[in-house]
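One structure is given below, encoded as structure tokens.
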Amino acid sequence: MNESPLLRVEDLQVSYNTPTGIVNAVSGVSFELGREKLGIVGESGSGKSQTGRAILGLTATGGLVRAQRLEFDGKDLLNADARTMRRIRGNRISMIMQDPKYSLNPVMSIGAQIEEAFLVHHPSSKDEARERTLDMLRAVKIRAPERVYKAYPHEVSGGMGQRVMIAMMMIPEPDIIIADEPTSALDVTVQLQVLAVLDDMLSERGMGLIFISHDLNLVASFCDRILVMYGGKVVEECAAADLEQAKHPYTRGLLNCLPSLDGGSDELPVLRRDPSWLNATEVP
Amino acid sequence: MIDIRNLDVIFGHGSKLHHAVRDFSMKIEAGQSYGLVGESGSGKTTVLRALAGLLDRVARVSGDMSVAQEQLQGQQRSREFRRRVQMVFQDPFGSLHPRHTVDTILSEPARVHRLDRIEDRVVQALEEVGLDASFRFRYPHQISGGQRQRVSVARALITEPEIVLLDEPTSALDVSVQAEVLNLLMRLKRDHGLTYVLVSHNLAVIAHMCEALSVMQNGGVVETMGVQQLRDHTPAMPYTQQLMTASLGSDRAAIDAFEEFA
Ligand SMILES: Nc1ncnc2c1ncn2[C@@H]1O[C@H](COP(=O)(O)OP(=O)(O)OP(=O)(O)O)[C@@H](O)[C@H]1O
Ligand SMILES: Nc1ncnc2c1ncn2[C@@H]1O[C@H](COP(=O)(O)OP(=O)(O)OP(=O)(O)O)[C@@H](O)[C@H]1O
Ligand SMILES: [Mg+2]
Ligand SMILES: [Mg+2]
């Protein structure tokens with residue numbers, strides 16, 4: 001795992017010029033991604049999605065992206081032209097967006113959408129594309145692949161839509177997958193099964209994964225390493241297995257907010273934010 | 001308070017026919033919080049939509065449903081029913097009109113139900129969910145995911161309902177906002193004696209919030225239990241036991257031993 005990293009991010013900054021002033025969505029994030037599973041956690045608005053989007057050149061218009069370095073496989077992404085970025089997106093790095101139903105085309109059947117993603121990178125016959133699409137739907141544990149193949153996005157449940165997105169991102173077999181809350185609508189059993197399929201593909205093909213999630217237990221048990229974000233910065237980094245022993249008061253605060261399966265219906269502790277967290281430099 | 005017997009819901013025809021809910025029954029007392037968990041696609045949202053009367057012309061629905069001793073007729077619902085029973089939808093991004101301000105989103109149900117003092121109600125509902133008046137004239141894209149979800153809860157509360165159907169109210173939220181929303185739901189229940197039906201994939205959320213629950217799979221109920229059984233990790237059915245194992249986190253050996261329950 002210690003060969004040259006797939007992705008190098010150094011001092012990434014994303015800011016928006018809005019009528020009410022400058023919003024710093026990401027303010028100085030640095031990390032490297034190897035052939036590993038990197039989790040990113042942190043509260044709503046901490047800059048997780050904006051980090052993922054900036055890597056892929058998908059920052060919304062009006063957003064300014066700066067970095068000391070933003071490199072994929074030795075190639076500079078920051079100054080890459082639109083054509084190069086298009087080729088990298090989907091083919092070599094793909095992203096599973098946070099809102100699956102927004103990302104799917106509402107007037108195109110699900111089967112046709114996955115086939116399209118397959119055909120872009122694997123020119124082949126219509127029959128083969130169909131077979132691969134059905135295989136992929138089975139792989140993400142869709143119970144009735146034939147029905148879902150023909151269905152439109154509004155005809156599937158929340159969790160089925162997410163699995164369709166996952167299938168679409170896996171089918172081109174990219175080098176890096178950036179998955180933004182990919183399984184938040186899945187029941188826990190299917191969630192783990194789908195992640196196991198993804199995990200197999202990652203290790204077979206030596207891919208890297210950036211896994212953005214609110215689910216601290218899941219990230220701790222599934223990923224190798226975790227970045228904790230707050231206010232556009234990485235405030236703590238740790239091995240996934242050590243998340244329980246995290247030191248930063250913010251990370252501890254997040255862990256304390258979790259309800260317990262063993263019950264207790266008292267008030268849950270809520271996070272008390274401390275402005276000084278924003279000044280502290282990253283805990284290496 | 002809520003009594004559903006032998007509910008069946010069928011979508012589509014021919015090769016697209018899908019029997020989404022099969023012989024589903026559920027009984028909920030007034031003031032209870034009742035959990036609904038289970039496999040993705042097993043019909044949880046569909047049960048809530050059938051109860052709320054949102055499946056007219058979308059699906060064929062049969063079975064007996066009554067709410068507060070009133071027998072419901074098909075998917076027709078009285079205006080009074082629609083005031084008393086509110087739903088918070090699964091998708092906080094899709095369920096708020098993108099070009100309506102928070103103020104418009106909140107006043108609309110009050111207007112539909114011809115309530116008085118609309119402005120007071122809007123301000124009060126926002127206050128109840130912990131949003132100050134500065135949020136009133138913002139659009140959904142100008143507030144965070146957690147704030148959007150609180151607006152959805154506020155919208156459900158504005159008509160002073162007795163029953164609130166909550167479909168994954170916190171799955172899109174980070175854990176700190178989840179804690180705030182769950183505390184809020186608990187407080188509202190205490191203050192207003194609400195009855196909740198709560199759909200969630202998160203068993204800890206159910207264990208924290210509910211008194212009883214049903215586990216669904218493939219359109220039907222696998223198991224119904226009191227919350228203590230869940231907290232003691234002693235469900236009766238293998239499907240539920242597997243769900244509990246899965247909720248402990250990713251463990252490859254356990255995953256490879258998962259069974260299919262059809
Ligand atoms: N187009 C935009 N214009 C102005 N500010 C924006 C824009 N997009 C995002 N932001 C701001 O950037 C910050 C980081 O947003 P981001 O979406 O990365 O959060 P996140 O960590 O993914 O949160 P969540 O867990 O809710 O998805 C937020 O404060 C957000 O309001
Ligand atoms: N409008 C529709 N037309 C056709 N089929 C539908 C429609 N709505 C739902 N279904 C089907 O009914 C089944 C149950 O869906 P439902 O949304 O109730 O599942 P769910 O238990 O809420 O799942 P999730 O946990 O993933 O949200 C699914 O197989 C879905 O494809
Ligand atoms: Mg995000
Ligand atoms: Mg649902």
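Naming works like this for the structure tokens: A, B, ... for the chains as they're shown, residue 1 at the start of each chain, ligands 1 onward in shown order.
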
Counting only C-alpha atoms, which residues of segment 12-66 of chain B sit at most 12 Å from some atom of segment 165-188 of chain A, and what is each one's closest atom pair with its distance in Å to one decimal, listed by chain and rising residue number, as a tab-separated table?
```
residue	atom	partner	partner_atom	distance
B:Leu36	CA	A:Asp187	CA	11.6
B:Val37	CA	A:Asp187	CA	8.2
B:Gly38	CA	A:Asp187	CA	6.5
B:Glu39	CA	A:Asp187	CA	5.4
B:Ser40	CA	A:Asp187	CA	5.5
B:Gly41	CA	A:Leu186	CA	9.1
B:Ser42	CA	A:Asp187	CA	10.0
B:Lys44	CA	A:Asp187	CA	11.4
B:Thr45	CA	A:Ala185	CA	11.9
```

Wanna dump the chain B-ligand 3 contacts at 12 Å for me, each residue with its shortest atom pair and the distance in Å to one decimal, counting only C-alpha atoms and all ligand atoms, ordered by chain and number, as a Markdown table?
```
| residue | atom | partner | partner_atom_place_in_ligand_line | distance |
| --- | --- | --- | --- | --- |
| B:Ser144 | CA | ligand 3 | 1 (Mg) | 9.4 |
| B:Gly145 | CA | ligand 3 | 1 (Mg) | 8.4 |
| B:Gly146 | CA | ligand 3 | 1 (Mg) | 10.9 |
| B:Ala172 | CA | ligand 3 | 1 (Mg) | 9.5 |
| B:Leu173 | CA | ligand 3 | 1 (Mg) | 9.7 |
| B:Asp174 | CA | ligand 3 | 1 (Mg) | 9.6 |
```

Expected file: the selected residues, N, CA, C and O atoms, as a compact mmCIF listing (two decimals), in the first residue's frame:
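Generated output (result_13.txt):
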```
# COMPACT_ATOMS: atom_id res chain seq x y z
N SER B 144 -28.66 24.34 4.93
CA SER B 144 -27.97 23.05 4.91
C SER B 144 -28.97 21.89 4.94
O SER B 144 -30.16 22.08 5.20
N GLY B 145 -28.46 20.68 4.69
CA GLY B 145 -29.31 19.49 4.68
C GLY B 145 -30.07 19.32 5.98
O GLY B 145 -31.26 19.01 5.99
N GLY B 146 -29.40 19.54 7.09
CA GLY B 146 -30.03 19.37 8.38
C GLY B 146 -31.13 20.40 8.61
O GLY B 146 -32.19 20.11 9.16
N ALA B 172 -30.35 11.31 6.22
CA ALA B 172 -29.51 12.21 5.42
C ALA B 172 -28.72 13.18 6.30
O ALA B 172 -28.08 14.08 5.80
N LEU B 173 -28.81 13.00 7.60
CA LEU B 173 -28.22 13.99 8.50
C LEU B 173 -26.96 13.49 9.17
O LEU B 173 -26.83 12.29 9.44
N ASP B 174 -26.06 14.40 9.48
CA ASP B 174 -24.88 13.95 10.23
C ASP B 174 -25.31 13.72 11.68
O ASP B 174 -26.37 14.16 12.11
```

Pull out every residue of chain A that has at least one atom within 9 Å of chain B, counting only C-alpha atoms, and report them as JSON, numbers by chain.
{"A": [41, 42, 43, 44, 45, 99, 101, 102, 143, 147, 150, 151, 156, 157, 158, 159, 160, 181, 184, 185, 186, 187, 188, 189, 190, 191, 192, 193, 195, 196, 213, 214, 215, 216, 217, 218, 219, 220, 221, 222, 253, 254, 255, 256, 257, 258, 259, 260, 261, 262, 263, 264, 265, 266, 267, 268, 269, 270, 271]}

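Distance-wise, atom CA of Gly52 of chain A and atom 20 (P, counted along the ligand's line) of ligand 2 end up 28.7 Å apart.
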
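Using only C-alpha atoms and all ligand atoms, the smallest distance between any of B:Gly226, B:Gly130, B:Pro235, B:Pro169 and ligand 2 comes from B:Pro169.
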
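Running DSSP on the backbone gives strand (DSSP E) for these residues within segment 96-209 of chain A: Ile96, Ile176, Ile177, Ile178, Ala179, Asp180, Gly208 and Leu209 of chain A.
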
Pull N, CA and C atoms from the residues just selected and write them as a compact mmCIF listing (two decimals), in the first residue's frame.
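Wrote it out as result.txt, contents follow:
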```txt
# COMPACT_ATOMS: atom_id res chain seq x y z
N ILE A 96 -19.84 8.95 -6.88
CA ILE A 96 -21.23 8.66 -6.57
C ILE A 96 -21.74 9.86 -5.77
N ILE A 176 -10.18 5.28 -9.24
CA ILE A 176 -10.59 5.85 -7.95
C ILE A 176 -12.11 6.03 -7.97
N ILE A 177 -12.75 5.67 -6.88
CA ILE A 177 -14.17 5.98 -6.72
C ILE A 177 -14.30 6.94 -5.55
N ILE A 178 -15.00 8.04 -5.79
CA ILE A 178 -15.33 8.96 -4.70
C ILE A 178 -16.81 8.76 -4.41
N ALA A 179 -17.13 8.23 -3.25
CA ALA A 179 -18.51 7.86 -2.96
C ALA A 179 -19.02 8.77 -1.85
N ASP A 180 -19.99 9.63 -2.19
CA ASP A 180 -20.52 10.61 -1.23
C ASP A 180 -21.81 10.08 -0.63
N GLY A 208 -8.50 2.89 -5.49
CA GLY A 208 -8.59 3.68 -4.27
C GLY A 208 -10.03 4.17 -4.09
N LEU A 209 -10.42 4.34 -2.83
CA LEU A 209 -11.79 4.78 -2.54
C LEU A 209 -11.76 5.93 -1.55
```

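For the atom pair formed by atom 2 (C, counted along the ligand's line) of ligand 1 and atom CA of Gln50 of chain A, the distance is 9.1 Å, given to one decimal.
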
From a DSSP calculation on the backbone, collect every residue of segment 26-231 of chain A in alpha helix (DSSP H) and output the set as a VMD selection string.
chain A and resid 48 to 55 82 to 91 100 to 103 110 to 121 126 to 139 145 to 150 158 to 170 188 to 205 216 to 222

Write out, as CSV, each residue of chain A that has an atom at most 9 Å from ligand 1, together with the closest pair of atoms and their distance in Å to one decimal, counting only C-alpha atoms and all ligand atoms, rows going by chain and rising number.
```
residue,atom,partner,partner_atom_place_in_ligand_line,distance
A:Val14,CA,ligand 1,12 (O),8.3
A:Ser15,CA,ligand 1,5 (N),7.6
A:Tyr16,CA,ligand 1,4 (C),5.2
A:Asn17,CA,ligand 1,4 (C),7.2
A:Thr18,CA,ligand 1,4 (C),6.3
A:Ile22,CA,ligand 1,4 (C),8.2
A:Val23,CA,ligand 1,5 (N),5.7
A:Asn24,CA,ligand 1,12 (O),6.7
A:Ala25,CA,ligand 1,12 (O),3.8
A:Val26,CA,ligand 1,14 (C),6.8
A:Val41,CA,ligand 1,21 (O),8.0
A:Gly42,CA,ligand 1,21 (O),6.4
A:Glu43,CA,ligand 1,25 (O),5.6
A:Ser44,CA,ligand 1,26 (O),3.4
A:Gly45,CA,ligand 1,19 (O),3.4
A:Ser46,CA,ligand 1,21 (O),3.9
A:Gly47,CA,ligand 1,18 (O),3.1
A:Lys48,CA,ligand 1,21 (O),3.8
A:Ser49,CA,ligand 1,22 (O),3.7
A:Gln50,CA,ligand 1,18 (O),3.7
A:Thr51,CA,ligand 1,18 (O),6.3
A:Gly52,CA,ligand 1,18 (O),8.0
A:Arg53,CA,ligand 1,18 (O),8.3
A:Thr59,CA,ligand 1,1 (N),8.0
A:Ala60,CA,ligand 1,1 (N),5.6
A:Thr61,CA,ligand 1,1 (N),7.3
A:Gly62,CA,ligand 1,1 (N),7.1
A:Gly63,CA,ligand 1,1 (N),6.9
A:Gln98,CA,ligand 1,27 (O),7.2
A:Asp180,CA,ligand 1,22 (O),7.9
A:Glu181,CA,ligand 1,27 (O),8.1
A:Ile212,CA,ligand 1,22 (O),8.1
A:Ser213,CA,ligand 1,25 (O),7.7
A:His214,CA,ligand 1,25 (O),6.9
A:Met229,CA,ligand 1,21 (O),7.7
A:Tyr230,CA,ligand 1,21 (O),8.1
A:Gly231,CA,ligand 1,14 (C),7.8
A:Gly232,CA,ligand 1,14 (C),6.8
```

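As for atom CA of Ser95 of chain B and atom CA of Ser152 of chain B, they are spaced 8.0 Å apart.
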
Show me, as a tab-separated table (two decimals) with N, CA, C and O atoms, in the first residue's frame, the residues that have an atom within 6 Å of segment 156-164 of chain B when counting only C-alpha atoms, minus same-chain residues fewer than 6 positions from it.
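Output contents, as saved in part.tsv:
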```
chain	number	residue	atom	x	y	z
B	83	ARG	N	-55.37	17.01	7.88
B	83	ARG	CA	-54.80	17.92	8.88
B	83	ARG	C	-54.20	17.13	10.04
B	83	ARG	O	-53.13	17.44	10.54
B	84	ARG	N	-54.91	16.07	10.43
B	84	ARG	CA	-54.50	15.33	11.62
B	84	ARG	C	-53.34	14.38	11.40
B	84	ARG	O	-52.66	13.99	12.32
B	85	VAL	N	-53.16	13.94	10.16
B	85	VAL	CA	-52.09	12.99	9.85
B	85	VAL	C	-51.12	13.65	8.88
B	85	VAL	O	-51.49	14.00	7.77
B	86	GLN	N	-49.89	13.85	9.29
B	86	GLN	CA	-48.89	14.50	8.45
B	86	GLN	C	-47.73	13.55	8.18
B	86	GLN	O	-47.47	12.66	8.98
B	87	MET	N	-47.07	13.78	7.06
B	87	MET	CA	-45.95	12.90	6.71
B	87	MET	C	-44.69	13.72	6.48
B	87	MET	O	-44.73	14.77	5.85
B	194	LEU	N	-48.09	13.46	20.59
B	194	LEU	CA	-48.18	12.95	19.22
B	194	LEU	C	-48.00	11.44	19.16
B	194	LEU	O	-47.39	10.84	20.04
B	195	THR	N	-48.53	10.85	18.10
B	195	THR	CA	-48.27	9.45	17.78
B	195	THR	C	-47.37	9.42	16.55
B	195	THR	O	-47.63	10.14	15.58
B	196	TYR	N	-46.29	8.64	16.63
B	196	TYR	CA	-45.35	8.57	15.50
B	196	TYR	C	-45.31	7.19	14.88
B	196	TYR	O	-45.33	6.18	15.59
```

If we count only C-alpha atoms and set the cut-off at 6 Å, which residues sit around segment 22-26 of chain B, ignoring sequence neighbours fewer than 3 positions away in its own chain? Please answer as a short mmCIF file (atom, residue, chain, number, x, y, z; two decimals) with N, CA, C and O atoms, in the first residue's frame.
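The file below, around21.cif, is the result:
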```
data_model
loop_
_atom_site.label_atom_id
_atom_site.label_comp_id
_atom_site.auth_asym_id
_atom_site.auth_seq_id
_atom_site.Cartn_x
_atom_site.Cartn_y
_atom_site.Cartn_z
N ASP B 3 -55.00 1.30 13.02
CA ASP B 3 -55.20 -0.14 12.90
C ASP B 3 -55.23 -0.50 11.42
O ASP B 3 -56.14 -0.08 10.70
N ILE B 4 -54.23 -1.21 10.97
CA ILE B 4 -54.17 -1.62 9.56
C ILE B 4 -54.29 -3.14 9.53
O ILE B 4 -53.57 -3.83 10.25
N ARG B 5 -55.24 -3.62 8.71
CA ARG B 5 -55.39 -5.08 8.61
C ARG B 5 -55.35 -5.54 7.17
O ARG B 5 -56.06 -5.02 6.32
N ASN B 6 -54.51 -6.51 6.93
CA ASN B 6 -54.44 -7.20 5.63
C ASN B 6 -54.30 -6.22 4.46
O ASN B 6 -54.99 -6.33 3.46
N LEU B 7 -53.38 -5.30 4.61
CA LEU B 7 -53.14 -4.33 3.54
C LEU B 7 -52.36 -4.99 2.39
O LEU B 7 -51.35 -5.68 2.62
N ASP B 8 -52.83 -4.76 1.18
CA ASP B 8 -52.13 -5.21 -0.02
C ASP B 8 -51.98 -4.02 -0.97
O ASP B 8 -52.93 -3.27 -1.14
N GLY B 219 -42.41 -7.01 1.41
CA GLY B 219 -43.81 -6.62 1.43
C GLY B 219 -44.60 -7.07 2.64
O GLY B 219 -45.73 -6.64 2.84
N GLY B 220 -44.03 -7.94 3.46
CA GLY B 220 -44.79 -8.43 4.60
C GLY B 220 -44.06 -8.20 5.91
O GLY B 220 -42.91 -7.76 5.93
#
```

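Those residues that approach Val129 of chain B to within 9 Å, counting only C-alpha atoms, are Arg150, Val151, Val153, Ala154, Val181, Leu184 and Leu185 of chain B; same-chain residues fewer than 6 positions away are not listed.
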
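Counting only C-alpha atoms and all ligand atoms and comparing A:Ile110, A:Glu115, A:Ala129, A:Gln245, the residue that lies closest to ligand 2 is A:Ile110.
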